[in-house]
file run_33.cif (mmCIF, C-alpha atoms)
data_model
#
loop_
_atom_site.label_atom_id
_atom_site.label_comp_id
_atom_site.auth_asym_id
_atom_site.auth_seq_id
_atom_site.Cartn_x
_atom_site.Cartn_y
_atom_site.Cartn_z
CA MET M 1 95.53 -122.78 -99.71
CA ASP M 2 94.48 -119.23 -98.81
CA ILE M 3 93.78 -118.95 -95.09
CA GLU M 4 92.40 -115.93 -93.29
CA VAL M 5 93.28 -115.83 -89.60
CA LEU M 6 91.08 -113.86 -87.23
CA PRO M 7 92.39 -113.29 -83.69
CA VAL M 8 89.62 -113.56 -81.10
CA ALA M 9 90.45 -111.92 -77.78
CA CYS M 10 89.47 -114.14 -74.85
CA LEU M 11 89.74 -114.06 -71.07
CA LYS M 12 92.33 -111.56 -69.82
CA ASP M 13 95.06 -111.74 -72.46
CA ASN M 14 94.49 -114.95 -74.47
CA TYR M 15 93.82 -115.32 -78.16
CA ALA M 16 91.82 -117.95 -79.96
CA TYR M 17 92.24 -117.95 -83.73
CA LEU M 18 89.50 -118.54 -86.30
CA LEU M 19 90.70 -119.94 -89.61
CA THR M 20 88.58 -119.42 -92.71
CA ARG M 21 88.99 -119.98 -96.46
CA PRO M 22 87.53 -117.93 -99.32
CA GLY M 23 84.17 -119.28 -100.44
CA SER M 24 83.75 -121.66 -97.50
CA ASP M 25 81.22 -121.41 -94.68
CA GLN M 26 83.29 -123.64 -92.39
CA ALA M 27 86.02 -122.59 -89.99
CA LEU M 28 88.54 -124.05 -87.62
CA VAL M 29 89.50 -122.60 -84.26
CA VAL M 30 92.91 -122.87 -82.66
CA ASP M 31 92.70 -122.91 -78.84
CA ALA M 32 89.09 -122.48 -77.83
CA CYS M 33 89.89 -120.45 -74.73
CA GLU M 34 86.23 -119.68 -74.03
CA ALA M 35 83.14 -120.33 -76.10
CA GLU M 36 81.20 -117.06 -76.15
CA PRO M 37 83.60 -114.80 -78.11
CA ILE M 38 84.19 -117.57 -80.64
CA GLU M 39 80.46 -118.17 -81.09
CA ARG M 40 79.89 -114.46 -81.66
CA GLU M 41 82.50 -114.33 -84.41
CA LEU M 42 81.20 -117.47 -86.09
CA GLU M 43 77.63 -116.19 -86.08
CA ALA M 44 78.62 -112.70 -87.26
CA ARG M 45 80.41 -114.24 -90.25
CA GLY M 46 77.83 -116.94 -90.99
CA LEU M 47 80.31 -119.73 -90.28
CA SER M 48 80.01 -123.21 -88.83
CA LEU M 49 82.78 -124.68 -86.71
CA ALA M 50 84.37 -127.72 -88.36
CA GLY M 51 87.17 -128.45 -85.89
CA ILE M 52 89.13 -127.39 -82.82
CA LEU M 53 92.94 -127.50 -82.75
CA SER M 54 94.21 -127.49 -79.15
CA THR M 55 97.88 -126.62 -78.68
CA HIS M 56 97.93 -127.90 -75.08
CA HIS M 57 95.68 -128.81 -72.17
CA HIS M 58 95.77 -125.68 -70.00
CA GLN M 59 92.29 -124.47 -69.11
CA ASP M 60 92.81 -121.03 -70.64
CA HIS M 61 93.27 -122.76 -74.01
CA VAL M 62 90.56 -125.43 -73.86
CA GLY M 63 87.87 -123.88 -71.65
CA GLY M 64 85.44 -123.49 -74.57
CA ASN M 65 85.81 -127.01 -75.97
CA GLU M 66 82.81 -128.64 -74.32
CA ARG M 67 80.28 -125.97 -75.19
CA LEU M 68 81.51 -125.64 -78.78
CA VAL M 69 81.48 -129.40 -79.31
CA ARG M 70 77.93 -129.63 -77.97
CA LYS M 71 76.80 -126.88 -80.32
CA TYR M 72 78.72 -127.75 -83.50
CA GLY M 73 79.80 -131.37 -83.05
CA ALA M 74 83.32 -130.37 -84.00
CA PRO M 75 86.21 -132.83 -83.53
CA VAL M 76 89.00 -131.83 -81.15
CA PHE M 77 92.62 -132.36 -82.18
CA GLY M 78 95.64 -132.50 -79.89
CA HIS M 79 98.77 -134.46 -79.13
CA ALA M 80 98.10 -138.15 -78.48
CA SER M 81 99.45 -137.85 -74.92
CA GLU M 82 96.77 -135.27 -74.06
CA ARG M 83 93.89 -137.70 -74.50
CA HIS M 84 92.84 -137.46 -70.86
CA ARG M 85 93.74 -133.80 -70.37
CA ILE M 86 91.97 -131.97 -73.20
CA PRO M 87 88.15 -131.80 -72.92
CA CYS M 88 86.22 -133.63 -75.67
CA PHE M 89 89.47 -134.91 -77.19
CA SER M 90 88.76 -137.02 -80.27
CA ASN M 91 91.58 -136.81 -82.84
CA PRO M 92 95.10 -137.67 -81.59
CA LEU M 93 98.11 -136.44 -83.52
CA GLU M 94 101.75 -137.50 -83.29
CA ASP M 95 104.85 -135.47 -84.09
CA GLY M 96 105.01 -134.64 -87.78
CA GLU M 97 101.58 -136.11 -88.54
CA SER M 98 99.46 -134.44 -91.19
CA PHE M 99 95.73 -133.86 -90.90
CA SER M 100 92.92 -132.71 -93.16
CA ILE M 101 89.47 -131.39 -92.28
CA ALA M 102 86.88 -129.27 -94.08
CA GLY M 103 89.31 -128.36 -96.86
CA PHE M 104 92.10 -127.40 -94.45
CA THR M 105 95.32 -129.41 -94.44
CA GLY M 106 98.16 -129.06 -92.00
CA ARG M 107 100.83 -130.74 -89.95
CA ALA M 108 101.34 -131.04 -86.21
CA TYR M 109 104.71 -130.74 -84.47
CA HIS M 110 105.27 -132.00 -80.94
CA ILE M 111 107.14 -129.31 -79.00
CA PRO M 112 107.19 -130.35 -75.32
CA ALA M 113 108.60 -127.62 -73.08
CA HIS M 114 105.76 -125.49 -71.71
CA THR M 115 103.77 -128.74 -71.29
CA ARG M 116 104.57 -132.36 -72.13
CA GLY M 117 101.95 -132.56 -74.86
CA ALA M 118 102.32 -129.17 -76.52
CA LEU M 119 101.75 -129.03 -80.28
CA ALA M 120 102.39 -126.42 -82.94
CA TYR M 121 100.10 -126.47 -85.97
CA VAL M 122 101.32 -125.42 -89.41
CA LEU M 123 98.81 -124.87 -92.22
CA ALA M 124 100.15 -123.45 -95.48
CA ASP M 125 102.09 -120.33 -94.48
CA VAL M 126 100.73 -119.94 -90.95
CA CYS M 127 101.86 -121.49 -87.66
CA PHE M 128 100.17 -121.56 -84.27
CA SER M 129 102.72 -121.95 -81.50
CA GLY M 130 100.46 -121.84 -78.44
CA ASP M 131 102.42 -120.96 -75.31
CA THR M 132 105.80 -122.29 -76.48
CA LEU M 133 106.91 -119.35 -78.61
CA PHE M 134 105.52 -115.91 -77.87
CA ALA M 135 106.14 -112.69 -79.71
CA ALA M 136 109.47 -111.59 -78.18
CA GLY M 137 109.37 -114.39 -75.60
CA ALA M 138 108.74 -118.01 -74.74
CA GLY M 139 106.48 -119.89 -72.35
CA ARG M 140 107.31 -120.98 -68.83
CA LEU M 141 108.73 -124.46 -68.42
CA PHE M 142 105.93 -126.02 -66.40
CA GLU M 143 106.59 -129.58 -67.56
CA GLY M 144 109.65 -129.42 -69.79
CA SER M 145 113.33 -128.54 -69.76
CA PRO M 146 115.56 -125.84 -71.26
CA GLU M 147 116.91 -128.49 -73.63
CA GLU M 148 113.39 -129.20 -74.89
CA LEU M 149 112.69 -125.49 -75.28
CA TYR M 150 115.90 -125.15 -77.29
CA ARG M 151 114.76 -127.98 -79.57
CA ALA M 152 111.30 -126.43 -79.99
CA LEU M 153 112.58 -122.95 -80.76
CA TYR M 154 115.67 -123.73 -82.83
CA LEU M 155 115.20 -127.18 -84.35
CA VAL M 156 111.44 -127.21 -84.98
CA LEU M 157 109.88 -123.74 -85.13
CA GLY M 158 113.23 -122.20 -86.03
CA ARG M 159 113.34 -124.26 -89.22
CA LEU M 160 110.04 -123.02 -90.59
CA ASP M 161 110.03 -121.01 -93.78
CA PRO M 162 111.00 -117.45 -92.76
CA ARG M 163 107.87 -116.17 -94.50
CA THR M 164 105.64 -118.15 -92.13
CA ARG M 165 103.22 -116.05 -90.10
CA ILE M 166 103.35 -117.17 -86.47
CA TYR M 167 100.36 -116.68 -84.15
CA THR M 168 100.99 -117.02 -80.42
CA GLY M 169 98.76 -117.67 -77.45
CA HIS M 170 98.88 -114.49 -75.35
CA GLU M 171 99.17 -110.72 -75.56
CA TYR M 172 102.52 -110.60 -73.74
CA THR M 173 104.52 -108.75 -76.37
CA GLU M 174 105.04 -105.41 -74.66
CA ARG M 175 106.25 -106.94 -71.39
CA ASN M 176 108.43 -109.42 -73.28
CA LEU M 177 110.10 -106.60 -75.18
CA GLU M 178 110.72 -104.68 -71.97
CA PHE M 179 112.61 -107.72 -70.71
CA ALA M 180 114.44 -108.08 -74.03
CA LEU M 181 115.55 -104.45 -73.74
CA PHE M 182 116.77 -105.13 -70.20
CA LEU M 183 119.05 -107.82 -71.64
CA GLU M 184 120.13 -105.79 -74.68
CA PRO M 185 119.69 -102.12 -73.74
CA ASP M 186 121.56 -100.88 -76.81
CA SER M 187 119.47 -102.83 -79.35
CA VAL M 188 117.87 -100.44 -81.82
CA ALA M 189 115.73 -103.27 -83.21
CA ILE M 190 114.20 -103.95 -79.79
CA GLN M 191 113.71 -100.25 -79.07
CA GLU M 192 111.91 -99.74 -82.38
CA ARG M 193 109.74 -102.82 -81.99
CA LEU M 194 108.76 -101.85 -78.45
CA ALA M 195 107.69 -98.40 -79.65
CA GLU M 196 105.62 -99.98 -82.45
CA VAL M 197 103.97 -102.41 -80.06
CA ARG M 198 103.09 -99.72 -77.56
CA ALA M 199 101.51 -97.66 -80.31
CA ALA M 200 99.54 -100.66 -81.59
CA ARG M 201 98.28 -101.50 -78.11
CA ALA M 202 97.22 -97.88 -77.60
CA ARG M 203 95.07 -98.33 -80.71
CA GLY M 204 93.63 -101.56 -79.32
CA GLU M 205 95.38 -103.75 -81.89
CA PRO M 206 96.74 -107.25 -81.16
CA THR M 207 100.51 -107.75 -81.27
CA ALA M 208 100.83 -111.50 -80.64
CA MET M 209 101.58 -112.29 -84.30
CA THR M 210 105.15 -112.46 -85.56
CA THR M 211 107.73 -113.94 -87.95
CA LEU M 212 111.02 -115.74 -87.45
CA PRO M 213 113.19 -112.90 -88.81
CA LEU M 214 111.57 -110.47 -86.38
CA GLU M 215 112.05 -112.89 -83.48
CA ARG M 216 115.70 -113.49 -84.32
CA ASP M 217 116.28 -109.74 -84.11
CA THR M 218 114.37 -109.08 -80.88
CA ASN M 219 113.53 -112.26 -78.92
CA PRO M 220 116.21 -113.20 -76.35
CA PHE M 221 115.15 -116.86 -76.42
CA LEU M 222 116.05 -116.96 -80.12
CA ARG M 223 119.29 -115.07 -79.51
CA ALA M 224 120.82 -117.51 -77.01
CA ASP M 225 123.81 -118.00 -79.31
CA ARG M 226 124.60 -114.28 -79.47
CA PRO M 227 127.78 -113.17 -77.63
CA SER M 228 126.02 -110.03 -76.39
CA ILE M 229 123.40 -112.12 -74.57
CA VAL M 230 125.95 -114.60 -73.20
CA SER M 231 128.11 -111.76 -71.89
CA ARG M 232 125.17 -109.92 -70.36
CA LEU M 233 124.23 -113.08 -68.45
CA GLY M 234 127.77 -113.50 -67.12
CA LEU M 235 128.19 -116.87 -68.79
CA PRO M 236 131.42 -118.10 -70.40
CA PRO M 237 131.90 -117.94 -74.18
CA GLY M 238 130.92 -121.14 -75.95
CA VAL M 239 128.33 -122.14 -73.35
CA ALA M 240 125.58 -124.39 -74.72
CA PRO M 241 122.52 -122.46 -75.97
CA ALA M 242 120.25 -124.57 -73.74
CA GLU M 243 122.14 -123.32 -70.69
CA VAL M 244 121.72 -119.74 -71.91
CA ILE M 245 118.00 -120.40 -72.33
CA ARG M 246 117.88 -121.76 -68.79
CA ARG M 247 119.33 -118.54 -67.43
CA ILE M 248 117.12 -116.33 -69.60
CA ARG M 249 114.07 -118.24 -68.36
CA GLU M 250 115.12 -117.84 -64.74
CA LEU M 251 115.57 -114.10 -65.16
CA LYS M 252 112.31 -113.67 -67.05
CA ASP M 253 110.42 -115.54 -64.32
CA GLN M 254 111.65 -112.91 -61.86
CA PHE M 255 111.26 -109.86 -64.11
#

call {"tool": "encode", "arguments": {"input": "run_33.cif", "output": "structure tokens"}}
result
Amino acid sequence: MDIEVLPVACLKDNYAYLLTRPGSDQALVVDACEAEPIERELEARGLSLAGILSTHHHQDHVGGNERLVRKYGAPVFGHASERHRIPCFSNPLEDGESFSIAGFTGRAYHIPAHTRGALAYVLADVCFSGDTLFAAGAGRLFEGSPEELYRALYLVLGRLDPRTRIYTGHEYTERNLEFALFLEPDSVAIQERLAEVRAARARGEPTAMTTLPLERDTNPFLRADRPSIVSRLGLPPGVAPAEVIRRIRELKDQF
């Protein structure tokens, strides 16, 4: 299944993502942050909206649901627990459940950490991680625990095919890499990625898309088992990765 993914900049630093297929006039949107930019892209491309995939209930990810549903009648997918939190919610999904709509097929993975009902969506070779995994970072633990974030990053998203393209919810990459470099100041991989991201942002290009191999080289949350990170945090060797993640999250919240 060939899928084209179009990032749509919304609000201050959010992304919605339009999903299209060759020869089809129907599209899906992941995280309808606000309606107007999404409508403009749909109209410019002659597309109709067939469905909305919400990764979680925060307003900056679902603020466009009501208007888009009124205009297109599109169903809204989300985790079953979000029924009363996501506007216009209609199609509940459980962990590991597959779905199909308008020629698109995918699977939902429950990854509570940022919020209790957070989902990642995987369709063919693309994944949408919402605010759980960011490029070079991870989301705040508003409703979950470091143990749940460990599970999401290492045991769910971390087991995706390494070729999977991962699309994240916010343009936080540059700041995340600055923090990563603070933790690993001698990392050439982080230095090079930060330079690339700064150049891309100077050109007005999005940088919230990533892959697992890139994250394992430069994202501290996916390097919690690395001795260099453990030592930098002043933690004892052999400490549980979830405890390392806890400390990384605390430091990032203050950075």

call {"tool": "atom_distance", "arguments": {"input": "run_33.cif", "atom1": "atom CA of M:Arg165", "atom2": "atom CA of M:Met209"}}
result
7.1 Å

call {"tool": "residues_around", "arguments": {"input": "run_33.cif", "residues": "stretch 18-20 of chain M", "least_positions_apart": "6", "cutoff": "7 Å", "atoms": "all atoms listed in the file", "output": "JSON list (two decimals) with C-alpha atoms, in the coordinates of the input"}}
result
[["chain", "number", "residue", "atom", "x", "y", "z"],
["M", 3, "ILE", "CA", 93.78, -118.95, -95.09],
["M", 4, "GLU", "CA", 92.40, -115.93, -93.29],
["M", 5, "VAL", "CA", 93.28, -115.83, -89.60],
["M", 6, "LEU", "CA", 91.08, -113.86, -87.23],
["M", 7, "PRO", "CA", 92.39, -113.29, -83.69],
["M", 26, "GLN", "CA", 83.29, -123.64, -92.39],
["M", 27, "ALA", "CA", 86.02, -122.59, -89.99],
["M", 28, "LEU", "CA", 88.54, -124.05, -87.62],
["M", 29, "VAL", "CA", 89.50, -122.60, -84.26],
["M", 30, "VAL", "CA", 92.91, -122.87, -82.66]]

call {"tool": "atom_distance", "arguments": {"input": "run_33.cif", "atom1": "atom CA of M:Asn91", "atom2": "atom CA of M:Asp60"}}
result
20.0 Å

call {"tool": "closest_residue", "arguments": {"input": "run_33.cif", "among": "M:Tyr172, M:Tyr15, M:Phe89, M:Phe221", "to": "M:Ala135", "atoms": "all atoms listed in the file"}}
result
M:Tyr172

call {"tool": "axis_aligned_box", "arguments": {"input": "run_33.cif", "around": "stretch 3-15 of chain M", "padding_each_side": "8 Å", "output": "lines of an AutoDock Vina configuration file"}}
result
center_x = 92.3
center_y = -115.3
center_z = -82.5
size_x = 21.6
size_y = 23.4
size_z = 41.3

call {"tool": "resolve_selection", "arguments": {"input": "run_33.cif", "expression": "the PyMOL selection byres ((chain M and resi 81-85) around 12)", "output": "number ranges by chain"}}
result
M: 54-59, 61-63, 65, 76-80, 86-95, 110, 112, 115-119

call {"tool": "residues_near_point", "arguments": {"input": "run_33.cif", "point": "(117.4, -109.3, -83.8)", "cutoff": "12 Å", "atoms": "all atoms listed in the file", "output": "PyMOL selection string"}}
result
chain M and resi 136+177+180-181+184+186-193+211-226+228-229

call {"tool": "write_last_selection", "arguments": {"input": "run_33.cif", "atoms": "C-alpha atoms", "output": "tab-separated table (two decimals), in the coordinates of the input"}}
result
chain	number	residue	atom	x	y	z
M	136	ALA	CA	109.47	-111.59	-78.18
M	177	LEU	CA	110.10	-106.60	-75.18
M	180	ALA	CA	114.44	-108.08	-74.03
M	181	LEU	CA	115.55	-104.45	-73.74
M	184	GLU	CA	120.13	-105.79	-74.68
M	186	ASP	CA	121.56	-100.88	-76.81
M	187	SER	CA	119.47	-102.83	-79.35
M	188	VAL	CA	117.87	-100.44	-81.82
M	189	ALA	CA	115.73	-103.27	-83.21
M	190	ILE	CA	114.20	-103.95	-79.79
M	191	GLN	CA	113.71	-100.25	-79.07
M	192	GLU	CA	111.91	-99.74	-82.38
M	193	ARG	CA	109.74	-102.82	-81.99
M	211	THR	CA	107.73	-113.94	-87.95
M	212	LEU	CA	111.02	-115.74	-87.45
M	213	PRO	CA	113.19	-112.90	-88.81
M	214	LEU	CA	111.57	-110.47	-86.38
M	215	GLU	CA	112.05	-112.89	-83.48
M	216	ARG	CA	115.70	-113.49	-84.32
M	217	ASP	CA	116.28	-109.74	-84.11
M	218	THR	CA	114.37	-109.08	-80.88
M	219	ASN	CA	113.53	-112.26	-78.92
M	220	PRO	CA	116.21	-113.20	-76.35
M	221	PHE	CA	115.15	-116.86	-76.42
M	222	LEU	CA	116.05	-116.96	-80.12
M	223	ARG	CA	119.29	-115.07	-79.51
M	224	ALA	CA	120.82	-117.51	-77.01
M	225	ASP	CA	123.81	-118.00	-79.31
M	226	ARG	CA	124.60	-114.28	-79.47
M	228	SER	CA	126.02	-110.03	-76.39
M	229	ILE	CA	123.40	-112.12	-74.57

call {"tool": "decode", "arguments": {"input": "run_33.cif", "residues": "stretch 1-29 of chain M", "atoms": "N, CA and C atoms", "output": "PDB file, in the first residue's frame"}}
result
ATOM      1  N   MET M   1       0.850  -1.195   0.000  1.00  0.00           N
ATOM      2  CA  MET M   1       0.000   0.000   0.000  1.00  0.00           C
ATOM      3  C   MET M   1       0.882   1.239   0.000  1.00  0.00           C
ATOM      4  N   ASP M   2       0.922   1.960  -1.113  1.00  0.00           N
ATOM      5  CA  ASP M   2       1.701   3.186  -1.205  1.00  0.00           C
ATOM      6  C   ASP M   2       0.948   4.316  -0.513  1.00  0.00           C
ATOM      7  N   ILE M   3       1.590   4.961   0.428  1.00  0.00           N
ATOM      8  CA  ILE M   3       0.980   6.064   1.165  1.00  0.00           C
ATOM      9  C   ILE M   3       1.874   7.288   1.047  1.00  0.00           C
ATOM     10  N   GLU M   4       1.280   8.396   0.639  1.00  0.00           N
ATOM     11  CA  GLU M   4       1.970   9.679   0.677  1.00  0.00           C
ATOM     12  C   GLU M   4       1.542  10.399   1.941  1.00  0.00           C
ATOM     13  N   VAL M   5       2.496  10.928   2.680  1.00  0.00           N
ATOM     14  CA  VAL M   5       2.216  11.632   3.924  1.00  0.00           C
ATOM     15  C   VAL M   5       2.581  13.099   3.748  1.00  0.00           C
ATOM     16  N   LEU M   6       1.612  13.966   3.970  1.00  0.00           N
ATOM     17  CA  LEU M   6       1.827  15.403   3.838  1.00  0.00           C
ATOM     18  C   LEU M   6       1.709  16.060   5.202  1.00  0.00           C
ATOM     19  N   PRO M   7       2.818  16.580   5.750  1.00  0.00           N
ATOM     20  CA  PRO M   7       2.724  17.324   7.007  1.00  0.00           C
ATOM     21  C   PRO M   7       1.983  18.641   6.794  1.00  0.00           C
ATOM     22  N   VAL M   8       1.068  18.945   7.688  1.00  0.00           N
ATOM     23  CA  VAL M   8       0.315  20.198   7.640  1.00  0.00           C
ATOM     24  C   VAL M   8       0.608  20.960   8.927  1.00  0.00           C
ATOM     25  N   ALA M   9       1.331  22.062   8.812  1.00  0.00           N
ATOM     26  CA  ALA M   9       1.667  22.853   9.993  1.00  0.00           C
ATOM     27  C   ALA M   9       0.407  23.486  10.571  1.00  0.00           C
ATOM     28  N   CYS M  10       0.237  23.364  11.880  1.00  0.00           N
ATOM     29  CA  CYS M  10      -0.936  23.890  12.568  1.00  0.00           C
ATOM     30  C   CYS M  10      -0.502  24.596  13.856  1.00  0.00           C
ATOM     31  N   LEU M  11      -1.355  25.530  14.289  1.00  0.00           N
ATOM     32  CA  LEU M  11      -1.138  26.207  15.562  1.00  0.00           C
ATOM     33  C   LEU M  11       0.289  26.764  15.627  1.00  0.00           C
ATOM     34  N   LYS M  12       0.948  26.607  16.780  1.00  0.00           N
ATOM     35  CA  LYS M  12       2.292  27.172  16.920  1.00  0.00           C
ATOM     36  C   LYS M  12       3.360  26.237  16.387  1.00  0.00           C
ATOM     37  N   ASP M  13       3.305  24.962  16.786  1.00  0.00           N
ATOM     38  CA  ASP M  13       4.355  24.020  16.394  1.00  0.00           C
ATOM     39  C   ASP M  13       3.830  22.602  16.208  1.00  0.00           C
ATOM     40  N   ASN M  14       2.517  22.461  16.003  1.00  0.00           N
ATOM     41  CA  ASN M  14       1.913  21.144  15.776  1.00  0.00           C
ATOM     42  C   ASN M  14       1.998  20.742  14.307  1.00  0.00           C
ATOM     43  N   TYR M  15       1.835  19.429  14.090  1.00  0.00           N
ATOM     44  CA  TYR M  15       1.619  18.915  12.748  1.00  0.00           C
ATOM     45  C   TYR M  15       0.392  18.017  12.738  1.00  0.00           C
ATOM     46  N   ALA M  16      -0.473  18.245  11.758  1.00  0.00           N
ATOM     47  CA  ALA M  16      -1.432  17.237  11.328  1.00  0.00           C
ATOM     48  C   ALA M  16      -0.807  16.555  10.115  1.00  0.00           C
ATOM     49  N   TYR M  17      -1.254  15.343   9.813  1.00  0.00           N
ATOM     50  CA  TYR M  17      -0.702  14.630   8.664  1.00  0.00           C
ATOM     51  C   TYR M  17      -1.829  14.135   7.766  1.00  0.00           C
ATOM     52  N   LEU M  18      -1.778  14.535   6.499  1.00  0.00           N
ATOM     53  CA  LEU M  18      -2.710  14.025   5.499  1.00  0.00           C
ATOM     54  C   LEU M  18      -2.118  12.783   4.852  1.00  0.00           C
ATOM     55  N   LEU M  19      -2.922  11.751   4.756  1.00  0.00           N
ATOM     56  CA  LEU M  19      -2.499  10.498   4.129  1.00  0.00           C
ATOM     57  C   LEU M  19      -3.292  10.323   2.837  1.00  0.00           C
ATOM     58  N   THR M  20      -2.573  10.119   1.747  1.00  0.00           N
ATOM     59  CA  THR M  20      -3.223   9.899   0.457  1.00  0.00           C
ATOM     60  C   THR M  20      -2.619   8.658  -0.206  1.00  0.00           C
ATOM     61  N   ARG M  21      -3.357   8.133  -1.204  1.00  0.00           N
ATOM     62  CA  ARG M  21      -2.900   6.986  -1.987  1.00  0.00           C
ATOM     63  C   ARG M  21      -2.994   7.326  -3.466  1.00  0.00           C
ATOM     64  N   PRO M  22      -2.070   6.819  -4.277  1.00  0.00           N
ATOM     65  CA  PRO M  22      -2.112   7.107  -5.711  1.00  0.00           C
ATOM     66  C   PRO M  22      -3.450   6.694  -6.321  1.00  0.00           C
ATOM     67  N   GLY M  23      -4.035   7.586  -7.104  1.00  0.00           N
ATOM     68  CA  GLY M  23      -5.266   7.289  -7.812  1.00  0.00           C
ATOM     69  C   GLY M  23      -6.535   7.433  -6.998  1.00  0.00           C
ATOM     70  N   SER M  24      -6.415   7.815  -5.731  1.00  0.00           N
ATOM     71  CA  SER M  24      -7.594   7.962  -4.877  1.00  0.00           C
ATOM     72  C   SER M  24      -7.863   9.440  -4.605  1.00  0.00           C
ATOM     73  N   ASP M  25      -9.144   9.787  -4.483  1.00  0.00           N
ATOM     74  CA  ASP M  25      -9.504  11.162  -4.137  1.00  0.00           C
ATOM     75  C   ASP M  25      -9.916  11.271  -2.674  1.00  0.00           C
ATOM     76  N   GLN M  26      -9.604  10.255  -1.877  1.00  0.00           N
ATOM     77  CA  GLN M  26      -9.931  10.270  -0.458  1.00  0.00           C
ATOM     78  C   GLN M  26      -8.656  10.266   0.371  1.00  0.00           C
ATOM     79  N   ALA M  27      -8.737  10.909   1.528  1.00  0.00           N
ATOM     80  CA  ALA M  27      -7.574  11.045   2.399  1.00  0.00           C
ATOM     81  C   ALA M  27      -7.982  10.802   3.844  1.00  0.00           C
ATOM     82  N   LEU M  28      -7.003  10.443   4.638  1.00  0.00           N
ATOM     83  CA  LEU M  28      -7.154  10.421   6.087  1.00  0.00           C
ATOM     84  C   LEU M  28      -6.332  11.562   6.669  1.00  0.00           C
ATOM     85  N   VAL M  29      -6.684  11.978   7.884  1.00  0.00           N
ATOM     86  CA  VAL M  29      -5.851  12.923   8.598  1.00  0.00           C
ATOM     87  C   VAL M  29      -5.543  12.344   9.969  1.00  0.00           C
TER      88      VAL M  29
END
